[in-house]
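Asks: As input, take structure.txt (compact mmCIF, C-alpha atoms):
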# COMPACT_ATOMS: atom_id res chain seq x y z
CA MET A 194 231.72 126.12 15.65
CA SER A 195 232.44 122.94 17.63
CA THR A 196 234.68 122.96 20.68
CA GLY A 197 237.25 120.69 19.04
CA ARG A 198 237.52 122.89 15.97
CA ALA A 199 237.83 126.00 18.11
CA ARG A 200 240.66 124.44 20.10
CA TRP A 201 242.40 123.33 16.90
CA ARG A 202 242.31 126.87 15.53
CA ARG A 203 243.99 128.13 18.67
CA VAL A 204 247.04 125.93 18.00
CA PRO A 205 249.80 128.10 16.45
CA PRO A 206 250.86 127.17 12.88
CA TRP A 207 254.49 126.67 13.86
CA ALA A 208 253.44 124.00 16.38
CA VAL A 209 251.43 122.17 13.71
CA ASP A 210 254.36 122.30 11.26
CA THR A 211 256.81 121.11 13.89
CA GLY A 212 254.58 118.17 14.76
CA LEU A 213 254.20 117.33 11.05
CA VAL A 214 257.99 117.35 10.60
CA MET A 215 258.38 114.97 13.52
CA LEU A 216 255.76 112.60 12.11
CA ALA A 217 257.39 112.70 8.66
CA ALA A 218 260.80 112.01 10.22
CA LEU A 219 259.38 109.08 12.18
CA ASP A 220 257.78 107.72 8.99
CA ALA A 221 261.11 107.96 7.16
CA TRP A 222 263.01 106.35 10.00
CA ILE A 223 260.59 103.37 10.10
CA ASN A 224 260.83 102.87 6.31
CA LEU A 225 264.60 103.31 5.97
CA LEU A 226 265.85 101.70 9.18
CA GLY A 227 268.47 99.13 8.24
CA GLU A 228 268.08 99.70 4.49
CA GLY A 229 268.76 103.38 3.95
CA THR A 230 271.85 104.67 2.23
CA PRO A 231 273.38 108.11 2.91
CA VAL A 232 271.61 109.45 -0.22
CA MET A 233 268.26 108.16 1.00
CA TRP A 234 268.75 109.61 4.45
CA ALA A 235 269.78 112.97 2.96
CA CYS A 236 266.69 113.10 0.74
CA ALA A 237 264.46 112.13 3.65
CA ALA A 238 266.03 114.76 5.93
CA ALA A 239 265.65 117.49 3.29
CA GLY A 240 262.05 116.52 2.57
CA CYS A 241 261.04 116.40 6.23
CA ALA A 242 262.77 119.69 7.10
CA GLY A 243 261.20 121.37 4.09
CA LEU A 244 257.74 120.95 5.63
CA LEU A 245 258.57 123.87 7.92
CA LEU A 246 258.30 126.12 4.83
CA ARG A 247 255.30 124.45 3.20
CA ARG A 248 252.95 127.40 3.87
CA ARG A 249 255.20 129.97 2.21
CA PHE A 250 256.63 127.86 -0.63
CA PRO A 251 254.19 124.99 -1.27
CA LEU A 252 255.40 124.04 -4.77
CA PRO A 253 259.19 124.03 -4.05
CA VAL A 254 258.57 122.08 -0.84
CA PHE A 255 256.54 119.47 -2.76
CA LEU A 256 259.34 119.09 -5.31
CA LEU A 257 261.83 118.78 -2.43
CA THR A 258 259.84 115.92 -0.90
CA LEU A 259 259.32 114.10 -4.22
CA PRO A 260 262.58 112.03 -4.11
CA MET A 261 261.35 110.33 -0.93
CA THR A 262 258.64 108.53 -2.93
CA LEU A 263 261.33 106.70 -4.97
CA PHE A 264 262.44 104.54 -2.05
CA MET A 265 259.43 104.65 0.31
CA ASP A 266 256.14 102.84 -0.23
CA VAL A 267 253.98 105.56 1.38
CA ALA A 268 255.75 108.79 2.31
CA LEU A 269 253.96 111.19 4.66
CA ALA A 270 256.01 114.24 3.69
CA PRO A 271 255.05 114.31 -0.06
CA ILE A 272 251.37 113.75 0.79
CA ALA A 273 251.42 116.66 3.28
CA ALA A 274 253.23 118.89 0.79
CA LEU A 275 250.77 117.98 -1.99
CA TYR A 276 247.82 118.78 0.32
CA THR A 277 249.30 122.17 1.22
CA LEU A 278 249.81 122.97 -2.47
CA ALA A 279 246.21 121.97 -3.28
CA ALA A 280 244.86 124.10 -0.44
CA SER A 281 246.80 127.19 -1.55
CA THR A 282 246.40 127.29 -5.35
CA ARG A 283 243.54 127.27 -7.86
CA ASN A 284 245.71 126.06 -10.74
CA ARG A 285 244.10 122.69 -11.35
CA PRO A 286 246.34 121.68 -14.29
CA LEU A 287 249.33 122.24 -12.01
CA LEU A 288 247.73 120.07 -9.31
CA ALA A 289 246.97 117.31 -11.81
CA GLY A 290 250.55 117.40 -13.05
CA CYS A 291 251.92 117.23 -9.50
CA ALA A 292 249.66 114.25 -8.73
CA LEU A 293 250.85 112.47 -11.88
CA LEU A 294 254.44 113.28 -10.97
CA ASN A 295 253.94 111.90 -7.47
CA ALA A 296 252.33 108.72 -8.80
CA THR A 297 255.11 108.23 -11.36
CA ALA A 298 257.84 108.68 -8.76
CA ALA A 299 256.10 106.26 -6.39
CA THR A 300 255.75 103.64 -9.16
CA LEU A 301 259.43 103.71 -10.14
CA LEU A 302 261.80 101.36 -8.34
CA TRP A 303 265.03 102.32 -6.67
CA PRO A 304 267.59 102.04 -8.15
CA LEU A 305 266.09 103.34 -11.38
CA SER A 306 267.86 100.65 -13.44
CA ASP A 307 265.33 98.14 -12.04
CA ALA A 308 262.27 100.28 -12.77
CA PHE A 309 261.36 98.63 -16.08
CA ASP A 310 262.18 95.03 -15.21
CA GLY A 311 259.51 92.54 -14.20
CA ASP A 312 255.75 92.43 -14.85
CA ARG A 313 254.59 95.54 -16.69
CA THR A 314 250.93 94.81 -15.82
CA TRP A 315 251.68 94.98 -12.12
CA THR A 316 253.56 98.23 -12.70
CA LEU A 317 250.45 99.73 -14.36
CA VAL A 318 248.24 98.55 -11.50
CA GLN A 319 250.62 100.07 -9.00
CA PHE A 320 250.65 103.35 -10.96
CA VAL A 321 246.85 103.54 -10.89
CA TYR A 322 246.82 102.83 -7.17
CA THR A 323 249.47 105.43 -6.37
CA LEU A 324 247.72 107.95 -8.65
CA ALA A 325 244.52 107.52 -6.66
CA THR A 326 246.53 107.94 -3.48
CA ALA A 327 248.10 111.12 -4.83
CA PHE A 328 244.74 112.59 -5.87
CA ALA A 329 243.33 112.09 -2.36
CA PRO A 330 245.29 114.99 -0.75
CA VAL A 331 244.65 117.09 -3.87
CA LEU A 332 240.90 116.67 -3.59
CA PHE A 333 240.98 117.19 0.16
CA GLY A 334 243.03 120.37 -0.22
CA GLN A 335 240.63 121.71 -2.84
CA LEU A 336 237.72 120.90 -0.55
CA VAL A 337 239.30 122.81 2.31
CA GLN A 338 239.99 125.74 -0.02
CA ALA A 339 236.35 125.76 -1.19
CA ARG A 340 235.20 125.67 2.43
CA HIS A 341 237.38 128.67 3.29
CA ASP A 342 236.02 130.54 0.25
CA ALA A 343 232.44 129.77 1.30
CA ALA A 344 233.13 130.92 4.85
CA ARG A 345 234.70 134.13 3.56
CA ARG A 346 231.72 134.78 1.29
CA LEU A 347 229.34 134.18 4.18
CA VAL A 348 231.21 136.77 6.21
CA GLU A 349 231.00 139.22 3.30
CA VAL A 350 227.28 138.56 2.93
CA LYS A 351 226.78 139.06 6.66
CA GLU A 352 228.69 142.34 6.57
CA ALA A 353 226.71 143.47 3.52
CA ARG A 354 223.45 142.66 5.29
CA GLU A 355 224.54 144.52 8.40
CA HIS A 356 225.46 147.49 6.23
CA GLU A 357 222.10 147.27 4.48
CA ARG A 358 220.28 147.15 7.83
CA ALA A 359 222.22 150.20 8.99
CA LEU A 360 221.35 152.10 5.82
CA TYR A 361 217.70 151.11 6.13
CA ALA A 362 217.65 152.23 9.77
CA GLN A 363 219.18 155.56 8.77
CA THR A 364 216.60 155.96 6.00
CA VAL A 365 213.73 155.22 8.37
CA LEU A 366 215.17 157.63 10.92
CA ALA A 367 215.55 160.34 8.29
CA ARG A 368 211.95 159.88 7.16
CA GLU A 369 210.69 160.01 10.73
CA ARG A 370 212.69 163.17 11.34
CA ALA A 371 211.25 164.77 8.21
CA GLN A 372 207.74 163.72 9.23
CA LEU A 373 208.27 165.10 12.72
CA ALA A 374 209.59 168.36 11.27
CA ARG A 375 206.55 168.70 9.04
CA GLU A 376 204.12 167.98 11.88
CA MET A 377 205.90 170.42 14.19
CA HIS A 378 205.74 173.14 11.57
CA ASP A 379 202.10 172.48 10.66
CA VAL A 380 200.77 172.21 14.21
CA VAL A 381 203.05 174.18 16.55
CA SER A 382 203.81 177.02 14.16
CA HIS A 383 200.11 177.44 13.44
CA GLN A 384 199.19 177.77 17.09
CA VAL A 385 202.17 179.84 18.24
CA SER A 386 201.87 182.31 15.37
CA LEU A 387 198.20 182.77 16.25
CA ILE A 388 199.19 183.52 19.83
CA ALA A 389 201.80 186.03 18.63
CA VAL A 390 199.36 187.83 16.36
CA GLN A 391 196.66 188.01 19.02
CA ALA A 392 199.19 189.24 21.57
CA GLY A 393 200.38 191.93 19.15
CA ALA A 394 196.81 193.08 18.57
CA LEU A 395 196.18 193.13 22.34
CA GLN A 396 199.35 195.13 22.91
CA MET A 397 198.22 197.84 20.49
CA ALA A 398 194.60 197.90 21.71
CA ALA A 399 195.08 197.66 25.48
CA LYS A 400 195.03 200.88 27.50
CA ASP A 401 196.27 199.45 30.76
CA PRO A 402 200.10 199.56 30.92
CA ASP A 403 200.25 196.24 32.74
CA ALA A 404 198.07 194.61 30.09
CA ARG A 405 200.22 196.06 27.33
CA GLU A 406 203.36 194.80 29.06
CA ALA A 407 201.85 191.33 29.49
CA ALA A 408 200.80 191.28 25.85
CA ARG A 409 204.29 192.40 24.82
CA THR A 410 205.83 189.61 26.90
CA ILE A 411 203.51 187.02 25.37
CA ARG A 412 204.31 188.25 21.87
CA THR A 413 208.06 188.19 22.58
CA LEU A 414 207.91 184.68 24.01
CA SER A 415 205.85 183.54 21.03
CA ALA A 416 208.35 185.05 18.61
CA ASN A 417 211.23 183.36 20.44
CA THR A 418 209.35 180.06 20.37
CA LEU A 419 208.86 180.38 16.61
CA ASP A 420 212.55 181.14 16.19
CA GLU A 421 213.55 178.06 18.19
CA LEU A 422 211.04 176.03 16.23
CA ARG A 423 212.67 177.21 13.01
CA HIS A 424 216.07 175.96 14.15
CA MET A 425 214.62 172.64 15.31
CA VAL A 426 212.74 172.09 12.05
CA THR A 427 215.89 172.87 10.08
CA LEU A 428 217.84 170.35 12.16
CA LEU A 429 215.21 167.65 11.78
CA ARG A 430 215.01 168.23 8.03
CA ALA A 431 218.76 167.90 7.61
CA SER A 432 218.48 164.30 6.40
CA GLY A 433 214.74 163.97 5.93
CA GLY A 434 212.62 162.55 3.14
CA LYS A 435 209.12 161.52 2.34
CA ALA A 436 207.25 159.47 4.91
CA THR A 437 203.94 158.04 5.73
CA GLU A 438 201.75 160.03 8.08
CA LEU A 439 201.46 159.63 11.81
CA THR A 440 198.13 158.99 13.49
CA PRO A 441 195.87 160.35 14.86
CA GLN A 442 195.66 163.27 12.42
CA PRO A 443 193.04 165.93 11.64
CA THR A 444 190.49 165.37 8.87
CA LEU A 445 187.97 167.51 7.00
CA ALA A 446 185.67 167.31 10.01
CA ASP A 447 188.15 169.59 11.82
CA LEU A 448 188.30 172.17 9.03
CA GLN A 449 185.45 174.31 10.37
CA GLN A 450 187.10 174.46 13.80
CA LEU A 451 190.41 175.43 12.20
CA ILE A 452 188.80 178.32 10.35
CA ALA A 453 186.85 179.45 13.41
CA ASN A 454 190.05 179.59 15.51
CA SER A 455 192.19 181.21 12.84
CA GLY A 456 191.33 184.80 13.82
CA ILE A 457 190.89 185.66 10.14
CA GLU A 458 187.71 186.55 8.31
CA THR A 459 187.41 183.40 6.23
CA THR A 460 184.71 181.92 4.03
CA LEU A 461 184.49 178.23 3.25
CA THR A 462 182.79 177.11 0.04
CA GLY A 463 182.52 173.98 -2.05
CA GLU A 464 182.97 170.36 -1.08
CA LEU A 465 185.15 167.38 -1.82
CA PRO A 466 183.99 164.06 -3.27
CA PRO A 467 182.54 161.59 -0.76
CA GLY A 468 184.76 158.81 0.50
CA ILE A 469 188.00 160.77 0.12
CA SER A 470 190.91 159.01 1.79
CA THR A 471 192.19 160.09 5.21
CA THR A 472 195.59 160.90 3.71
CA ALA A 473 193.95 163.26 1.22
CA GLN A 474 191.86 164.82 4.00
CA ARG A 475 194.97 165.50 6.07
CA THR A 476 196.70 167.02 3.08
CA VAL A 477 193.76 169.38 2.42
CA TYR A 478 193.60 170.28 6.12
CA ARG A 479 197.33 171.03 6.33
CA THR A 480 197.17 173.09 3.14
CA VAL A 481 194.41 175.28 4.57
CA GLN A 482 196.21 175.48 7.91
CA GLU A 483 199.48 176.60 6.35
CA ALA A 484 197.73 179.10 4.08
CA LEU A 485 195.89 180.72 7.00
CA THR A 486 199.09 180.78 9.04
CA ASN A 487 200.84 182.63 6.20
CA VAL A 488 197.94 185.10 6.01
CA ARG A 489 198.27 185.92 9.71
CA LYS A 490 202.05 186.27 9.48
CA HIS A 491 202.41 188.09 6.17
CA ALA A 492 199.03 189.73 5.45
CA PRO A 493 197.51 191.19 8.64
CA GLY A 494 193.93 192.29 8.23
CA ALA A 495 193.43 190.32 5.00
CA ARG A 496 190.37 188.21 4.31
CA ALA A 497 190.67 184.64 3.06
CA ASP A 498 188.53 182.41 0.89
CA VAL A 499 188.80 178.62 1.13
CA CYS A 500 187.28 176.80 -1.81
CA LEU A 501 186.97 173.01 -1.91
CA TRP A 502 186.40 171.67 -5.40
CA HIS A 503 186.40 168.51 -7.49
CA ASP A 504 185.63 167.36 -11.01
CA ALA A 505 185.73 164.07 -12.89
CA ASP A 506 189.52 163.78 -12.81
CA HIS A 507 190.83 165.93 -9.96
CA PHE A 508 190.03 167.37 -6.57
CA GLY A 509 191.68 170.01 -4.47
CA VAL A 510 191.47 173.17 -2.41
CA THR A 511 192.22 176.77 -3.29
CA VAL A 512 192.98 179.34 -0.57
CA THR A 513 193.04 182.95 -1.70
CA ASN A 514 193.60 186.00 0.50
CA THR A 515 193.24 189.69 -0.14
CA ALA A 516 195.95 192.30 0.26
CA PRO A 517 196.96 193.15 3.86
CA THR A 518 195.28 196.15 5.49
CA ARG A 519 197.69 196.55 8.40
CA PRO A 520 201.50 196.62 8.68
CA THR A 521 203.09 193.20 8.69
CA VAL A 522 204.12 191.87 12.10
CA ALA A 523 207.74 190.70 11.99
CA LEU A 524 207.71 187.03 13.04
CA PRO A 525 210.39 184.37 12.62
CA SER A 526 209.68 181.89 9.84
CA ALA A 527 210.94 178.34 9.32
CA ARG A 528 210.61 178.83 5.55
CA HIS A 529 209.60 175.20 5.13
CA GLY A 530 205.82 175.47 5.05
CA LEU A 531 205.38 175.34 1.27
CA ILE A 532 208.06 172.66 1.00
CA GLY A 533 206.13 170.49 3.42
CA LEU A 534 202.90 171.09 1.51
CA LYS A 535 204.57 170.12 -1.76
CA GLU A 536 205.80 166.92 -0.14
CA ARG A 537 202.27 166.15 1.02
CA ALA A 538 200.93 166.85 -2.47
CA GLU A 539 203.51 164.48 -3.96
CA LEU A 540 202.25 161.73 -1.66
CA LEU A 541 198.93 162.08 -3.52
CA ASP A 542 200.69 162.28 -6.92
CA GLY A 543 199.44 165.86 -7.05
CA THR A 544 200.87 169.36 -7.26
CA LEU A 545 200.88 172.50 -5.16
CA THR A 546 201.09 175.99 -6.61
CA ALA A 547 201.60 179.24 -4.71
CA GLU A 548 201.54 182.62 -6.46
CA PRO A 549 200.52 186.23 -5.84
CA THR A 550 197.24 187.53 -7.21
CA PRO A 551 196.82 190.68 -9.33
CA GLU A 552 194.95 192.36 -6.45
CA GLY A 553 197.99 192.11 -4.15
CA GLY A 554 196.90 189.00 -2.33
CA TYR A 555 198.16 185.43 -2.53
CA LYS A 556 196.77 182.10 -3.74
CA ILE A 557 197.73 178.57 -2.74
CA GLU A 558 196.14 175.68 -4.63
CA LEU A 559 196.37 171.94 -4.07
CA ARG A 560 195.48 169.80 -7.07
CA ALA A 561 195.46 165.97 -6.92
CA PRO A 562 194.13 163.27 -9.25
CA ALA A 563 190.86 161.64 -8.25
CA ARG A 564 192.50 158.19 -8.29
CA SER A 565 194.54 159.20 -5.23
CA ASP A 566 191.33 158.90 -3.23
Spit out the file's structure as structure tokens when you get a sec.
Replies:
Amino acid sequence: MSTGRARWRRVPPWAVDTGLVMLAALDAWINLLGEGTPVMWACAAAGCAGLLLRRRFPLPVFLLTLPMTLFMDVALAPIAALYTLAASTRNRPLLAGCALLNATAATLLWPLSDAFDGDRTWTLVQFVYTLATAFAPVLFGQLVQARHDAARRLVEVKEAREHERALYAQTVLARERAQLAREMHDVVSHQVSLIAVQAGALQMAAKDPDAREAARTIRTLSANTLDELRHMVTLLRASGGKATELTPQPTLADLQQLIANSGIETTLTGELPPGISTTAQRTVYRTVQEALTNVRKHAPGARADVCLWHDADHFGVTVTNTAPTRPTVALPSARHGLIGLKERAELLDGTLTAEPTPEGGYKIELRAPARSD
């Protein structure tokens, strides 16, 4: 916005209207000086004073200023009133009628008995001229109104865009929170639960009281850490959604190390098709990781079998464990592991199933279409 326009907008409306009344009064005084009758002066005074109310009552004020055009060649007050009416209404037939009325009143002579004497051709020319003059404030008022409408729409569009940006930022934040929650559960829970299980086994096997006490402390701290992790994952998942993965992430090359560090008797068989995407490799890795974590937490002493497989249309991994051989160690659980795995499977347009086996064990299977490679 230019400096001049900014300064003009700071001028109060009452000051503008007062100045307009003074200009209209000066215009009337110049036109009627020495020729005005009391009736003319009264009409001019009413028309000029009426401009103070032109913003609230544009049509009545225009009609109030109309008599001034009968005895003045160019009257400022009717033009200002007609502009205000055009800037405040969308009724174009009304504006056209008011312009015609203004041109007709300006063409007539005062007194009215002399209006139809003389050259009719000149009267028609004068009517056309005054009609063009009357349409000028109408067009200008409509232009100003259109400009205000455009400015208002631009503000609405800007607000809508800001709202859209805010929603998009919230969506991105929610997805990042969900991704962070999934990674925390898959990585931290896996490691901490392994520590807790090993500490519990050490506590039962150790003969030295100090060693048993240290193992008990480690197991307690691990359990508390898992409990805090559960609360944090729940908080992060409060407004989460699907998301793309973060890098760097484990791949199938890390699967052997995962099984070796799991502390579970595990066999790995089968293979996946060559050239499988990194996203698919991460999903398979996290599926095996979560399955082994669940075995440690809910089936102590069980053996696990990890089978990688593929055919012409699908690929996947099946993790099956036997029934537990020792009492279950009570550990806190975030209860979001399978949910996270299902979300990962959906990223591959696949499915994840988890169900108990007839032998008392449990089976988790990831199945994804080959085209997701």
Asks: Neighbours of Asp447 in chain A within 8 Å (only C-alpha atoms; same-chain residues fewer than 4 positions away dropped), as a ChimeraX atom specification?
Replies: /A:443,451,478
Asks: I'd like the neighbourhood of Gln449 in chain A as a list in words, where a residue qualifies if any of its atoms comes within 12 Å (using all atoms listed in the file), though same-chain residues fewer than 5 positions away should be ignored.
Replies: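 Final neighbour list, sorted by chain and number: Pro443, Thr444, Asn454, Ser455, Thr459, Thr460, Leu461, Thr462, Tyr478, Val481, Gln482 and Val499 of chain A.
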Asks: Show me, as a list in words, the residues that have an atom within 10 Å of Ala325 in chain A when counting only C-alpha atoms, minus same-chain residues fewer than 6 positions from it.
Replies: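 With the cut-off at 10 Å, the set is Ala292, Leu293, Ala296, Gln319 and Val331 of chain A.
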Asks: Of the residues A:Met265, A:Leu360, A:Val512, A:Leu257, which is the one nearest to Leu226 in chain A, using all atoms listed in the file?
Replies: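 Using all atoms listed in the file, Leu226 in chain A sits closest to A:Met265.
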Asks: In terms of the shortest atom-to-atom distance over only C-alpha atoms, which of A:Met261, A:Ile557, A:Val209, A:Val348 is closest to Met233 in chain A?
Replies: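 Among the listed residues, A:Met261 lies closest to Met233 in chain A.
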Asks: Point out the residue among A:Ile272, A:Val254, A:Leu294, A:Leu501 with the least atom-to-atom distance to Phe320 in chain A, counting only C-alpha atoms.
Replies: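 Of A:Ile272, A:Val254, A:Leu294, A:Leu501, the one nearest Phe320 in chain A, counting only C-alpha atoms, is A:Leu294.
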Asks: Select all residues near (196.5, 171.1, 7.7) (cut-off 10 Å, inclusive, file coordinates), counting all atoms listed in the file, and output them as a PyMOL selection string.
Replies: chain A and resi 376+379-380+383+442-445+447-448+451+474-485+534
Asks: Emit the selected residues as a PDB file, in the frame of the given file, including C-alpha atoms.
Replies:
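See again_38.pdb below for the written result:
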ATOM      1  CA  GLU A 376     204.120 167.980  11.880  1.00  0.00           C
ATOM      2  CA  ASP A 379     202.100 172.480  10.660  1.00  0.00           C
ATOM      3  CA  VAL A 380     200.770 172.210  14.210  1.00  0.00           C
ATOM      4  CA  HIS A 383     200.110 177.440  13.440  1.00  0.00           C
ATOM      5  CA  GLN A 442     195.660 163.270  12.420  1.00  0.00           C
ATOM      6  CA  PRO A 443     193.040 165.930  11.640  1.00  0.00           C
ATOM      7  CA  THR A 444     190.490 165.370   8.870  1.00  0.00           C
ATOM      8  CA  LEU A 445     187.970 167.510   7.000  1.00  0.00           C
ATOM      9  CA  ASP A 447     188.150 169.590  11.820  1.00  0.00           C
ATOM     10  CA  LEU A 448     188.300 172.170   9.030  1.00  0.00           C
ATOM     11  CA  LEU A 451     190.410 175.430  12.200  1.00  0.00           C
ATOM     12  CA  GLN A 474     191.860 164.820   4.000  1.00  0.00           C
ATOM     13  CA  ARG A 475     194.970 165.500   6.070  1.00  0.00           C
ATOM     14  CA  THR A 476     196.700 167.020   3.080  1.00  0.00           C
ATOM     15  CA  VAL A 477     193.760 169.380   2.420  1.00  0.00           C
ATOM     16  CA  TYR A 478     193.600 170.280   6.120  1.00  0.00           C
ATOM     17  CA  ARG A 479     197.330 171.030   6.330  1.00  0.00           C
ATOM     18  CA  THR A 480     197.170 173.090   3.140  1.00  0.00           C
ATOM     19  CA  VAL A 481     194.410 175.280   4.570  1.00  0.00           C
ATOM     20  CA  GLN A 482     196.210 175.480   7.910  1.00  0.00           C
ATOM     21  CA  GLU A 483     199.480 176.600   6.350  1.00  0.00           C
ATOM     22  CA  ALA A 484     197.730 179.100   4.080  1.00  0.00           C
ATOM     23  CA  LEU A 485     195.890 180.720   7.000  1.00  0.00           C
ATOM     24  CA  LEU A 534     202.900 171.090   1.510  1.00  0.00           C
TER      25      LEU A 534
END
Asks: Which residues, written as a count of residues only, have at least one atom at most 10 Å from Thr410 in chain A, with all atoms listed in the file counted and residues fewer than 4 positions away on the same chain left out?
Replies: 10
Asks: Find the residues around Leu559 in chain A up to 8 Å (all atoms listed in the file counted), leave out those fewer than 3 positions away in its own chain, and share them as a list in words.
Replies: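 Neighbouring residues, sequence-local ones excluded: Val477, Thr480, Gly509, Val510, Thr511, Ala538, Gly543, Thr544, Leu545 and Thr546 of chain A.
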Asks: Take CA of Gly554 in chain A and CA of Ile532 in chain A and report the distance between them in Å, one decimal.
Replies: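 Going from CA of Gly554 in chain A over to CA of Ile532 in chain A covers 20.1 Å.
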Asks: May I have the protein, DNA and RNA residues with any atom at most 8 Å from the point (197.6, 190.1, 21.9), counting only C-alpha atoms, written as an mmCIF file with C-alpha atoms, keeping the file's coordinate frame?
Replies:
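Produced file point-v2.cif, reproduced below:
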data_model
loop_
_atom_site.group_PDB
_atom_site.id
_atom_site.type_symbol
_atom_site.label_atom_id
_atom_site.label_comp_id
_atom_site.auth_asym_id
_atom_site.auth_seq_id
_atom_site.Cartn_x
_atom_site.Cartn_y
_atom_site.Cartn_z
ATOM 1 C CA ILE A 388 199.190 183.520 19.830
ATOM 2 C CA ALA A 389 201.800 186.030 18.630
ATOM 3 C CA VAL A 390 199.360 187.830 16.360
ATOM 4 C CA GLN A 391 196.660 188.010 19.020
ATOM 5 C CA ALA A 392 199.190 189.240 21.570
ATOM 6 C CA GLY A 393 200.380 191.930 19.150
ATOM 7 C CA ALA A 394 196.810 193.080 18.570
ATOM 8 C CA LEU A 395 196.180 193.130 22.340
ATOM 9 C CA GLN A 396 199.350 195.130 22.910
ATOM 10 C CA MET A 397 198.220 197.840 20.490
ATOM 11 C CA ALA A 408 200.800 191.280 25.850
ATOM 12 C CA ARG A 409 204.290 192.400 24.820
ATOM 13 C CA ILE A 411 203.510 187.020 25.370
ATOM 14 C CA ARG A 412 204.310 188.250 21.870
#
Asks: Hey, can you check how far CA of Ile457 in chain A sits from CA of Glu539 in chain A?
Replies: 28.4 Å
